[in-house]
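One structure is given here, and the rest of the page talks about it.
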Amino acid sequence: MNRFKTQLAGGIAWIIAILNFFPIFWMLLASFKSEVEAVQTPPLFFFHPTLANYRDIFALQDYAGYAFNSIAISVLATLLMLLVAVPAAFAMAFYPGRYTRDILLWMLSTKMLPAVGVLVPIYLLSRDLGLLDTRTALVIIDFLSNLPIAVWMLFTFFRETPKDIIEASRIDGAGVGQTILYVLLPLVAPGIASTALLSIILCWNEAFWSLNLTAHNAAPLTAFIASFSAPQGLFWARLSAASVLAIAPILVFGWISQRQLVRGLTFGAVK
Amino acid sequence: MPPDGRSASRVRTFPLIAPSVGVLLVWMIVPLAMTLWFSFRRYNLLNPMLTGFAGLNNYRFLIRDPALPAILITTVVIVLAILLITISAGVVLAVVFNSGFPGQGIARVLMISPFFVMPTVSALIWKNLLMHPVNGLFAGVMRGLGFTAIDWFGSWPLSSIIIIVSWEWLPFAFLILLTALQSLDEEQLEAARLDGAGSLAVFFFIQVPHMARAISVLVMMETIFLLGIFAEIYVTTAGGPGIATTNLPFLIYQRALLAFNVGSASAAGVIAIILANVMAALLIRTIARRLDV
């Protein structure tokens with residue numbers, strides 16, 4: 001009976017999982033179709049695959065430029081964020097003081113400010129500082145809006161690292177620098193890596209500011225894909241190919257970091 | 001640690017914490033103060049002659065706008081409908097996936113993938129490849145079964161948006177609820193089963209209560225994100241037809257970047273901030289209770 005139930009649950013789970021993934025699979029199929037096949041009715045499951053769409057988006061639409069913007073913005077914002085967040089999380093986890101709790105909760109509260117509530121001032125500030133349509137503006141915004149999440153996530157990782165080990169290495173005569181480099185870093189490296197991964201995922205998929213603050217020069221992939229919503233963008237096969245390329249790397253990152261992600265996105269409330 | 005360790009460590013940690021606190025303080029206060037300031041000003045980018053103090057006029061015009069109630073209702077309906085769909089489906093799926101069946105790891109990867117798809121891609125793939133009234137897959141299937149195809153964005157614009165965003169957020173709910181469920185003590189389940197509890201009883205009296213805190217965190221997190229839904233509307237319906245899918249973020253975008261009315265957009269921004277803060281206060285209280293520093 002129990003065995004039967006497990007099999008039933010497994011069957012249901014697999015059906016739902018496949019249905020749930022189907023839009024992504026359908027997009028992958030469409031990216032190998034010709035434009036005529038992509039809009040064909042009834043929908044086409046078997047066809048002669050072509051790589052023409054992938055060639056076209058590189059040749060006709062400067063895909064590389066948008067991809068470069070996405071990569072540059074995500075990586076720079078993440079590095080900047082680690083530079084600021086790691087020391088803060090380290091200090092609060094290993095040397096908690098009277099105000100640690102308040103600081104952490106206050107940081108969390110800054111994340112609650114809806115982006116749209118400050119669209120106007122950010123837009124005007126960017127304009128006045130000459131930062132409209134620059135990667136700099138997006139790097140700064142992504143850095144700041146993910147900083148609270150990063151501090152929290154790192155904090156929860158650091159706190160699980162035994163403090164005694166630091167004491168022990170200090171007693172054994174290691175300096176602060178040596179302790180951090182040889183004892184602490186190897187222990188917290190996985191936590192830092194998954195925080196960086198989550199940050200890259202969030203920056204990569206950030207759409208609100210990309211759509212509102214960039215035009216062409218600094219536009220990342222989220223904005224590039226949005227340009228397909230215009231009437232002249234009714235190239236479904238090409239849209240699919242561009243989309244596949246835009247989501248593939250991040251999808252892999254997401255699969256790798258799915259477990260740590262929960263902790264980061266719920267601020268440690270669910271582990 | 002020596003008796004004075006606390007004050008000594010605070011001196012030492014200050015330079016480590018100060019950069020984070022400093023930049024976040026600026027990031028929070030400056031735009032917030034500007035939004036508040038602008039919301040009381042006459043300020044239109046197209047008309048530089050128009051300046052001065054507007055008092056409550058921006059708010060008055062906003063509140064008297066006959067479209068505002070509909071827009072607020074749309075904003076709330078989007079949030080509530082997606083919460084209901086993602087959390088109820090997420091609870092059931094978490095229980096189903098927790099049973100340990102062959103290939104569970106791969107099935108879970110398939111389940112959570114939509115969450116990593118950027119919002120503009122999700123929206124356009126659904127709008128074109130799936131929901132297009134003539135060439136979309138759904139239309140093809142409907143016609144194949146002998147029904148008339150549904151004009152999703154023509155007849156059911158808000159529902160279409162809700163379906164798309166639910167697809168994006170179901171993985172998030174599912175993943176968090178599954179993680180919460182996996183921390184449930186196996187012995188407790190075994191004991192309940194030995195006492196004769198059926199699957200339904202286990203589900204309602206053990207598993208669901210165990211997920212309660214995860215559910216409350218989910219409700220608050222999702223609410224804050226969903227109040228800001230923008231990209232999906234931007235690339236699919238652009239707020240239309242009429243104002244059928246205009247929510248508060250889209251209204252602010254229209255006022256600020258299409259109509260260049262800074263004062264009015266800022267007043268709407270203040271309303272959005274107040275809405276989100278009610279939820280944020282609840283969320284922070286819940287998390288604070290769990291934080292044992």
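Chain labels follow the order of the structure tokens: the first chain is A, the next B, and so on; residue numbering restarts at 1 in every chain, and ligands are counted from 1 in their shown order.
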
(request) Please provide the set of residues having any atom within 12 Å of Gln188 (chain B), restricted to only C-alpha atoms, with same-chain residues fewer than 6 positions apart removed, written as a PyMOL selection string. (result) chain B and resi 194-195+197+202+205-207+210

Using N, CA and C atoms, can you write the selected residues to a file as a compact mmCIF listing (two decimals), in the first residue's frame?
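Contents of part.txt, freshly written:
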```txt
# COMPACT_ATOMS: atom_id res chain seq x y z
N LEU B 194 1.60 5.11 13.18
CA LEU B 194 1.34 3.97 14.05
C LEU B 194 0.06 4.17 14.84
N ASP B 195 -0.21 5.43 15.19
CA ASP B 195 -1.44 5.73 15.92
C ASP B 195 -2.66 5.70 15.00
N ALA B 197 -3.08 7.41 12.00
CA ALA B 197 -3.42 8.60 11.22
C ALA B 197 -3.25 8.31 9.74
N VAL B 202 -2.29 13.23 8.47
CA VAL B 202 -0.88 13.62 8.58
C VAL B 202 -0.66 14.95 7.88
N PHE B 205 -2.68 17.82 9.97
CA PHE B 205 -2.39 18.05 11.40
C PHE B 205 -0.90 18.04 11.71
N ILE B 206 -0.07 17.54 10.79
CA ILE B 206 1.36 17.54 11.07
C ILE B 206 2.13 18.34 10.03
N GLN B 207 1.96 17.98 8.75
CA GLN B 207 2.80 18.60 7.74
C GLN B 207 2.49 20.09 7.54
N HIS B 210 3.59 22.22 10.38
CA HIS B 210 5.05 22.31 10.40
C HIS B 210 5.55 23.37 9.40
```

Produce a table with one row for each residue of chain A that has an atom at most 6 Å from any atom of chain B, each row naming the nearest atom pair and its distance in Å at one decimal; use only C-alpha atoms; arrange rows by chain and rising residue number; format as a tab-separated table.
```
residue	atom	partner	partner_atom	distance
A:Ala9	CA	B:Val96	CA	5.5
A:Gly10	CA	B:Phe101	CA	5.0
A:Trp14	CA	B:Ala107	CA	6.0
A:Ala17	CA	B:Met111	CA	5.0
A:Phe21	CA	B:Leu110	CA	5.4
A:Val39	CA	B:Asn135	CA	5.2
A:Thr41	CA	B:Asn135	CA	5.9
A:Pro42	CA	B:Gly140	CA	5.1
A:Pro43	CA	B:Leu137	CA	5.9
A:Val84	CA	B:Ser20	CA	5.8
A:Pro87	CA	B:Leu16	CA	5.1
A:Ala88	CA	B:Ile17	CA	4.2
A:Ala91	CA	B:Thr13	CA	5.5
A:Met112	CA	B:Ala280	CA	5.8
A:Val116	CA	B:Pro249	CA	5.6
A:Gly117	CA	B:Gly269	CA	4.0
A:Val118	CA	B:Pro31	CA	5.7
A:Pro121	CA	B:Pro31	CA	5.4
A:Asn205	CA	B:Met118	CA	4.6
A:Thr222	CA	B:Thr120	CA	5.9
A:Ala226	CA	B:Thr120	CA	5.7
A:Ser229	CA	B:Val235	CA	5.5
A:Ser243	CA	B:Val121	CA	6.0
A:Ile247	CA	B:Val117	CA	5.7
A:Leu251	CA	B:Phe116	CA	5.6
A:Val262	CA	B:Ile176	CA	5.8
```

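With only C-alpha atoms as the atoms that count, the residue of A:Ile201, A:Trp152, A:Tyr95, A:Val183 with the shortest distance to Ala168 (chain A) is A:Val183.
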
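As for CA of Asn53 (chain A) and CA of Ala30 (chain A), they are spaced 9.6 Å apart.
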
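The interatomic distance for the pair CA of Asp133 (chain A) and CA of Ala237 (chain A) works out to 28.3 Å.
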